[in-house]
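protein.txt, holding compact mmCIF, C-alpha atoms:
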# COMPACT_ATOMS: atom_id res chain seq x y z
CA MET M 1 92.81 101.60 84.27
CA ASN M 2 93.98 100.51 80.85
CA GLN M 3 91.28 99.17 78.58
CA HIS M 4 90.47 98.21 75.03
CA ILE M 5 87.86 100.43 73.41
CA ASP M 6 86.36 99.93 69.97
CA ASP M 7 86.49 103.29 68.18
CA ASN M 8 83.78 102.32 65.68
CA ILE M 9 80.41 103.94 66.29
CA PRO M 10 77.78 101.52 64.94
CA PRO M 11 74.74 102.91 63.09
CA PHE M 12 71.27 102.34 64.53
CA ASP M 13 69.41 99.34 63.15
CA ASP M 14 66.40 101.54 62.54
CA PRO M 15 67.07 103.91 59.57
CA THR M 16 64.69 106.60 60.92
CA SER M 17 66.61 106.72 64.21
CA GLU M 18 69.87 106.96 62.29
CA ARG M 19 68.50 109.87 60.24
CA GLU M 20 67.39 111.61 63.44
CA TRP M 21 70.85 111.01 64.91
CA LEU M 22 72.47 112.58 61.85
CA ALA M 23 70.15 115.58 62.22
CA GLN M 24 71.25 115.93 65.85
CA GLU M 25 74.90 115.74 64.85
CA ARG M 26 74.49 118.22 62.02
CA ALA M 27 72.80 120.74 64.34
CA MET M 28 75.61 120.35 66.88
CA ARG M 29 78.30 120.95 64.26
CA ARG M 30 76.47 123.95 62.79
CA GLU M 31 76.07 125.49 66.23
CA ARG M 32 79.76 124.97 67.00
CA LEU M 33 80.64 126.76 63.77
CA HIS M 34 78.07 129.52 64.47
CA LEU M 35 76.49 129.01 61.04
CA ASP M 36 73.40 130.97 60.06
CA PRO M 37 70.28 129.17 61.41
CA ALA M 38 68.38 130.28 58.32
CA GLY M 39 69.68 127.10 56.66
CA ASP M 40 68.11 124.86 59.34
CA ASN M 41 64.59 123.49 59.62
CA ALA M 42 62.59 123.77 62.88
CA ARG M 43 63.95 120.46 64.16
CA GLY M 44 67.53 121.55 63.49
CA ARG M 45 66.96 124.87 65.22
CA ARG M 46 65.60 123.17 68.33
CA TYR M 47 68.65 120.92 68.43
CA ARG M 48 70.80 124.01 67.98
CA LEU M 49 69.13 125.70 70.96
CA LEU M 50 69.86 122.52 72.90
CA ALA M 51 73.50 122.64 71.78
CA ARG M 52 73.82 126.29 72.76
CA THR M 53 72.39 125.59 76.21
CA LEU M 54 74.61 122.56 76.76
CA ARG M 55 77.70 124.54 75.80
CA GLU M 56 77.08 127.11 78.55
CA PRO M 57 79.50 126.78 81.49
CA LEU M 58 78.11 125.17 84.67
CA GLN M 59 76.89 127.58 87.33
CA ASP M 60 79.08 126.35 90.18
CA SER M 61 82.81 125.89 89.89
CA LEU M 62 85.87 124.94 91.88
CA PRO M 63 87.48 127.62 94.09
CA ALA M 64 90.13 129.75 92.37
CA ASP M 65 92.89 128.38 94.62
CA PHE M 66 91.83 124.73 94.23
CA ALA M 67 94.94 123.63 92.30
CA GLN M 68 97.26 125.41 94.71
CA ARG M 69 95.61 123.89 97.78
CA VAL M 70 95.56 120.32 96.46
CA ALA M 71 99.18 120.57 95.28
CA ALA M 72 100.21 121.89 98.71
CA ARG M 73 98.38 119.02 100.38
CA VAL M 74 100.14 116.48 98.19
CA ALA M 75 103.53 118.12 98.87
CA ALA M 76 102.93 117.95 102.62
CA ALA M 77 101.65 114.37 102.57
CA PRO M 78 104.89 112.34 102.09
CA ALA M 79 106.59 113.68 105.26
CA SER M 80 103.61 112.99 107.49
CA THR M 81 103.07 109.55 105.91
CA THR M 82 106.70 108.60 106.48
CA ARG M 83 106.53 109.81 110.06
CA PHE M 84 103.38 107.79 110.65
CA GLU M 85 104.97 104.67 109.14
CA PHE M 86 108.05 105.16 111.34
CA VAL M 87 105.98 105.52 114.52
CA LEU M 88 103.89 102.48 113.58
CA MET M 89 106.99 100.39 112.84
CA THR M 90 108.61 101.39 116.12
CA ALA M 91 105.47 100.52 118.08
CA LEU M 92 105.27 97.13 116.36
CA ALA M 93 108.96 96.42 117.02
CA ILE M 94 108.55 97.26 120.72
CA ALA M 95 105.45 95.04 120.92
CA LEU M 96 107.38 92.23 119.25
CA VAL M 97 110.32 92.52 121.68
CA ILE M 98 107.97 92.55 124.69
CA ALA M 99 106.05 89.55 123.33
CA ALA M 100 109.33 87.67 122.71
CA GLY M 101 110.45 88.43 126.30
CA VAL M 102 107.16 87.25 127.76
CA VAL M 103 107.17 84.04 125.68
CA THR M 104 110.84 83.34 126.59
CA SER M 105 110.18 83.85 130.31
CA MET M 106 107.12 81.57 130.18
CA TYR M 107 108.36 78.74 128.00
CA GLY M 108 112.11 79.33 127.72
CA SER M 109 112.97 76.75 130.39
CA GLU M 110 111.46 74.05 128.14
CA TRP M 111 113.20 74.78 124.82
CA LEU M 112 116.39 76.71 125.69
CA PRO M 113 118.27 73.57 126.83
CA SER M 114 117.70 71.90 123.44
CA PHE M 115 119.28 74.96 121.73
CA ARG M 116 122.34 74.67 123.97
CA THR M 117 122.95 71.16 122.69
CA ILE M 118 122.78 72.29 119.05
CA LEU M 119 125.02 75.38 119.39
CA PRO M 120 128.80 74.87 119.75
CA ALA M 121 129.88 75.57 123.29
CA PRO M 122 132.05 78.74 123.40
CA GLN M 123 134.80 77.05 125.35
CA ALA M 124 137.75 78.58 123.63
CA PRO M 125 138.41 82.36 124.16
CA ALA M 126 138.54 82.85 120.37
CA ASP M 127 134.96 81.58 120.00
CA ARG M 128 133.77 83.97 122.70
CA TRP M 129 135.44 86.93 120.96
CA LEU M 130 133.92 85.91 117.63
CA LEU M 131 130.44 85.79 119.17
CA ALA M 132 131.00 89.21 120.81
CA LEU M 133 132.13 90.68 117.46
CA ALA M 134 129.06 89.27 115.66
CA GLY M 135 126.84 90.73 118.39
CA CYS M 136 128.49 94.17 118.06
CA LEU M 137 128.11 94.13 114.29
CA GLY M 138 124.45 93.14 114.61
CA VAL M 139 123.70 95.90 117.13
CA SER M 140 125.56 98.51 115.00
CA TRP M 141 123.58 97.50 111.91
CA LEU M 142 120.29 97.73 113.79
CA LEU M 143 121.20 101.17 115.19
CA GLY M 144 122.17 102.34 111.68
CA GLN M 145 118.81 101.22 110.30
CA TRP M 146 117.04 102.96 113.15
CA GLN M 147 118.86 106.28 112.60
CA ARG M 148 118.32 106.19 108.82
CA ARG M 149 114.58 105.70 109.36
CA GLY M 150 114.51 108.48 111.90
CA HIS M 151 116.08 110.99 109.49
CA GLY M 152 114.14 109.77 106.40
CA MET J 1 101.37 105.87 70.03
CA ASP J 2 104.31 108.05 69.07
CA ASP J 3 102.22 111.20 69.00
CA ILE J 4 101.14 110.56 72.58
CA ARG J 5 104.65 109.66 73.69
CA SER J 6 106.06 112.91 72.33
CA SER J 7 103.11 115.06 73.42
CA PRO J 8 103.04 117.66 76.21
CA ASP J 9 101.29 114.93 78.26
CA ARG J 10 104.59 113.11 78.58
CA ASP J 11 106.51 116.23 79.63
CA LEU J 12 103.90 117.02 82.26
CA VAL J 13 103.76 113.46 83.59
CA ASP J 14 107.57 113.25 83.72
CA ALA J 15 107.73 116.58 85.57
CA VAL J 16 105.15 115.43 88.14
CA LEU J 17 106.85 112.07 88.65
CA ALA J 18 110.19 113.86 89.10
CA ASN J 19 108.53 116.07 91.77
CA ARG J 20 109.45 119.26 89.90
CA PRO J 21 108.13 122.35 91.70
CA GLY J 22 104.77 123.53 90.37
CA ALA J 23 104.33 120.55 88.03
CA PHE J 24 101.45 118.91 89.86
CA GLU J 25 99.69 122.25 90.33
CA ARG J 26 100.00 122.77 86.56
CA LEU J 27 98.47 119.34 85.94
CA ILE J 28 95.56 120.14 88.25
CA ARG J 29 94.94 123.50 86.56
CA GLU J 30 94.97 121.79 83.18
CA TYR J 31 92.38 119.15 84.05
CA GLN J 32 90.33 120.53 86.96
CA GLY J 33 87.64 121.79 84.56
CA LEU J 34 87.18 118.34 83.06
CA CYS J 35 86.98 116.71 86.49
CA TRP J 36 84.53 119.31 87.69
CA HIS J 37 82.28 118.77 84.68
CA ILE J 38 82.28 115.00 85.12
CA ILE J 39 81.83 114.95 88.87
CA GLN J 40 79.40 117.84 89.22
CA ARG J 41 77.21 116.42 86.45
CA MET J 42 77.30 112.99 88.10
CA VAL J 43 76.69 113.91 91.75
CA ARG J 44 74.96 117.31 91.28
CA ASN J 45 75.94 118.47 94.77
CA PRO J 46 78.61 121.22 94.62
CA GLU J 47 80.06 120.45 98.07
CA ASP J 48 80.35 116.72 97.38
CA ALA J 49 81.69 117.49 93.91
CA ARG J 50 84.48 119.70 95.30
CA GLU J 51 85.52 117.02 97.75
CA LEU J 52 85.44 114.32 95.08
CA CYS J 53 87.52 116.51 92.74
CA GLN J 54 90.13 116.74 95.47
CA ASP J 55 90.00 112.95 95.95
CA THR J 56 90.43 112.57 92.20
CA PHE J 57 93.66 114.54 92.08
CA LEU J 58 95.03 112.86 95.18
CA ARG J 59 94.38 109.54 93.44
CA VAL J 60 95.91 110.82 90.21
CA HIS J 61 99.06 111.76 92.12
CA GLN J 62 99.14 108.36 93.81
CA CYS J 63 98.65 106.36 90.59
CA LEU J 64 100.33 108.50 87.94
CA HIS J 65 103.27 106.10 87.74
CA GLN J 66 100.78 103.52 86.42
CA TYR J 67 99.83 105.72 83.43
CA ARG J 68 101.08 103.94 80.30
CA TYR J 69 100.27 106.53 77.59
CA GLU J 70 97.76 104.14 76.01
CA SER J 71 95.22 106.96 75.93
CA ALA J 72 95.44 110.73 76.26
CA LEU J 73 96.20 111.94 79.78
CA LYS J 74 92.88 113.80 79.64
CA SER J 75 91.00 110.51 79.16
CA TRP J 76 93.00 108.79 81.90
CA ILE J 77 92.31 111.54 84.43
CA GLY J 78 88.68 111.71 83.28
CA ARG J 79 88.42 107.98 83.94
CA VAL J 80 89.70 108.46 87.50
CA ALA J 81 87.15 111.25 88.08
CA TYR J 82 84.33 109.18 86.57
CA THR J 83 85.19 106.13 88.68
CA ILE J 84 85.28 108.18 91.88
CA ALA J 85 81.94 109.84 91.08
CA LEU J 86 80.44 106.46 90.17
CA ARG J 87 81.50 104.97 93.52
CA HIS J 88 79.95 107.96 95.29
CA LEU J 89 76.64 107.38 93.50
CA GLN J 90 76.76 103.66 94.30
CA HIS J 91 77.48 104.46 97.94
CA LYS J 92 74.50 106.83 98.04
CA ARG J 93 72.39 104.31 96.10
CA ILE J 94 71.64 106.83 93.37
CA PRO J 95 70.88 105.09 90.04
CA LEU J 96 73.17 106.00 87.16
CA VAL J 97 70.49 105.57 84.53
CA GLU J 98 66.75 105.25 84.68
CA HIS J 99 64.73 102.69 82.78
CA THR J 100 61.78 104.55 81.35
CA ASP J 101 59.58 104.11 78.33
CA ASP J 102 60.92 106.30 75.51
CA GLY J 103 57.77 105.81 73.42
CA ASP J 104 56.63 109.45 73.62
CA ASP J 105 60.06 110.72 72.66
CA TYR J 106 60.33 108.33 69.71
CA ALA J 107 57.11 109.80 68.31
CA LEU J 108 59.24 112.88 67.52
CA VAL J 109 61.70 110.98 65.33
CA GLU J 110 61.65 112.41 61.83
CA ASN J 111 59.01 114.94 62.83
CA ILE J 112 60.58 118.14 61.57
CA GLY J 113 58.17 120.29 63.56
CA ASP J 114 56.72 123.68 62.86
CA GLY J 115 58.50 127.03 62.55
CA PHE J 116 60.95 127.80 65.34
CA ASP J 117 62.84 131.05 65.82
CA LEU J 118 66.19 130.08 67.34
CA GLU J 119 67.33 133.57 68.30
CA ALA J 120 63.95 134.50 69.81
CA ALA J 121 63.94 131.29 71.85
CA CYS J 122 67.47 131.99 73.09
CA ALA J 123 66.47 135.48 74.08
CA GLU J 124 63.53 134.11 76.00
CA GLU J 125 64.98 133.45 79.42
CA GLU J 126 62.15 131.23 80.53
CA THR J 127 62.64 128.80 77.64
CA VAL J 128 66.38 128.51 78.30
CA GLN J 129 65.77 128.09 82.02
CA HIS J 130 63.18 125.42 81.27
CA LEU J 131 65.75 123.60 79.16
CA HIS J 132 68.37 123.85 81.92
CA THR J 133 65.88 122.34 84.37
CA ALA J 134 65.16 119.51 81.93
CA ILE J 135 68.90 118.82 81.54
CA GLU J 136 69.30 118.78 85.32
CA SER J 137 66.47 116.28 85.65
CA LEU J 138 68.16 113.78 83.31
CA PRO J 139 69.77 110.72 84.95
CA PRO J 140 73.43 111.25 86.04
CA LEU J 141 74.95 109.28 83.16
CA GLN J 142 73.02 111.11 80.44
CA ARG J 143 73.79 114.54 81.97
CA THR J 144 77.46 113.65 82.09
CA LEU J 145 77.61 112.29 78.54
CA LEU J 146 75.92 115.40 77.15
CA THR J 147 78.34 117.67 79.02
CA LEU J 148 81.38 115.76 77.84
CA TYR J 149 80.12 115.76 74.26
CA TYR J 150 78.97 119.38 74.03
CA LEU J 151 80.87 121.40 76.63
CA GLU J 152 84.18 119.52 76.65
CA GLU J 153 83.83 118.62 72.94
CA ILE J 154 85.16 115.12 73.58
CA SER J 155 84.56 112.53 70.83
CA ILE J 156 82.47 109.42 71.48
CA PRO J 157 85.50 107.04 71.40
CA GLU J 158 87.26 109.24 74.00
CA ILE J 159 84.10 109.33 76.14
CA ALA J 160 84.13 105.55 75.86
CA ARG J 161 87.65 105.55 77.32
CA ILE J 162 86.54 107.76 80.20
CA THR J 163 83.36 105.87 81.07
CA GLY J 164 84.32 102.36 79.99
CA LEU J 165 81.04 102.13 78.05
CA ALA J 166 80.80 100.91 74.46
CA SER J 167 80.62 103.62 71.78
CA GLY J 168 77.23 102.29 70.64
CA THR J 169 75.85 102.62 74.18
CA ILE J 170 77.07 106.20 74.43
CA LYS J 171 75.56 107.01 71.05
CA SER J 172 72.23 105.55 72.16
CA HIS J 173 72.24 107.57 75.41
CA LEU J 174 73.09 110.79 73.57
CA PHE J 175 70.40 110.12 70.99
CA ARG J 176 67.68 109.48 73.55
CA SER J 177 68.67 112.41 75.77
CA ARG J 178 68.61 114.83 72.85
CA LEU J 179 65.31 113.47 71.65
CA ARG J 180 63.85 113.82 75.12
CA LEU J 181 65.12 117.39 75.48
CA ARG J 182 63.78 118.23 72.06
CA GLY J 183 60.44 116.88 73.28
CA VAL J 184 60.64 119.26 76.24
CA LEU J 185 61.24 122.14 73.85
CA GLU J 186 58.42 121.06 71.55
CA THR J 187 56.03 121.00 74.51
CA ARG J 188 57.16 124.45 75.61
CA THR J 189 57.32 126.19 72.25
CA GLY J 190 54.55 124.25 70.50
CA VAL J 191 54.77 121.77 67.65
CA ALA J 192 52.61 120.43 64.90
CA ALA J 193 52.39 116.74 65.78
Would you put the structure from the file into structure tokens?
Amino acid sequence: MNQHIDDNIPPFDDPTSEREWLAQERAMRRERLHLDPAGDNARGRRYRLLARTLREPLQDSLPADFAQRVAARVAAAPASTTRFEFVLMTALAIALVIAAGVVTSMYGSEWLPSFRTILPAPQAPADRWLLALAGCLGVSWLLGQWQRRGHG
Amino acid sequence: MDDIRSSPDRDLVDAVLANRPGAFERLIREYQGLCWHIIQRMVRNPEDARELCQDTFLRVHQCLHQYRYESALKSWIGRVAYTIALRHLQHKRIPLVEHTDDGDDYALVENIGDGFDLEAACAEEETVQHLHTAIESLPPLQRTLLTLYYLEEISIPEIARITGLASGTIKSHLFRSRLRLRGVLETRTGVAA
């Protein structure tokens, strides 16, 4: 949206066009200032009639409550957008969990044993408790995220 | 830049970005006339224009955080309105300008014409109506440029910021439109060729 604009207005190459342009500009300024048309020639007066017509308000307009209605729509939008995003995210998460379950049930027998060899075997009771604690923390964090989203 | 940074524009933008009650409604009230003039002159259909004005302000609200005070807020919002109207015309395959031979109009250059009574012509409803019809029949870009220049009293460099056109191009469009409309008046009210 940001742009570089040259503020110089170049003159026309053709001097007669430039003179006509200056006459147009002069008529516009004189009409804006409501100066006496007696000082204008016929060309200037025609350009002044044009200026007067162009300065008339347009026939149609926006409804009187336009600003109020658009502002109300904008104010209402964030809540509905957030709700939509939340529903969409939930649906995607459920789809992901289902897909993961399906894939695990179909191919899990092939790659789960190789994971068992990599992971340390929870032989000692301390290791089991540590894994249980990590699981609890993970579930609590996920539930916290879920609730925050729900109230946001 | 400092004058823009300390202008009411900044206060209004800050208020809208801070979600202060009534701020965005105030912004709309301030600039709805400008948007209406741009969009209605471009698309010429009041129903479409109202809808596009609404789209414009929804977009302004969405993108206001991107406004960098490099131009007046009026020009920035005008640019959003112009872009939305332009897309509408492109979608409807309506040409923005028409490529016609301006030869007949150029014959009027430097022709001062015969006597013309400005007040009598203004009083004559038919002449004014004829002129309105001629303005309406101009291509969308020329109608819009004339409205911005005369009704909104926006300078050519500011119009350039709104439309993205070069100042020389805008000058040329204004010149040719005015010459053409003068030709319409000459035909109606009579002229010594």
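Atom pair CA of Leu181 in chain J / CA of Gly33 in chain J has a distance of 24.7 Å (rounded to one decimal).
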Give me, as a PyMOL selection string, the contact residues of chain M against chain J at a cut-off of 8 Å, counting all atoms listed in the file. chain M and resi 1-3+5-11+16-17+19-21+24+28+37+41-51+53-58+60-62+67-68+70-71+74
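Coordinates place CA of Leu142 in chain M at a distance of 18.4 Å from CA of Gly101 in chain M.
CA of Leu34 in chain J sits 22.1 Å away from CA of Glu25 in chain M.
Considering the residues J:Ala81, J:Ile94, J:Met42, J:Leu89 and counting all atoms listed in the file, Gln142 in chain J has its shortest atom-to-atom contact with J:Met42.
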Ala23 in chain M proximity check over M:Ser105, M:Phe115, M:Arg128, M:Asp40, using all atoms listed in the file: winner is M:Asp40
Output, as lines of an AutoDock Vina configuration file, the centre and edge lengths in Å (one decimal) of the axis-aligned box that contains all listed atoms of range 12-24 of chain J with 6 Å of margin on each side.
center_x = 105.8
center_y = 117.8
center_z = 87.0
size_x = 20.7
size_y = 23.5
size_z = 21.5
Determine, counting all atoms listed in the file, which protein, DNA and RNA residues have an atom within 12 Å of an atom of Ala93 in chain M; residues of the same chain fewer than 6 positions away are not included. Present the result as a ChimeraX atom specification. /M:86-87,99-100,142,146
Expected file contents, prior selection, C-alpha atoms, as a short mmCIF file (atom, residue, chain, number, x, y, z; two decimals), keeping the file's coordinate frame:
data_model
loop_
_atom_site.label_atom_id
_atom_site.label_comp_id
_atom_site.auth_asym_id
_atom_site.auth_seq_id
_atom_site.Cartn_x
_atom_site.Cartn_y
_atom_site.Cartn_z
CA PHE M 86 108.05 105.16 111.34
CA VAL M 87 105.98 105.52 114.52
CA ALA M 99 106.05 89.55 123.33
CA ALA M 100 109.33 87.67 122.71
CA LEU M 142 120.29 97.73 113.79
CA TRP M 146 117.04 102.96 113.15
#
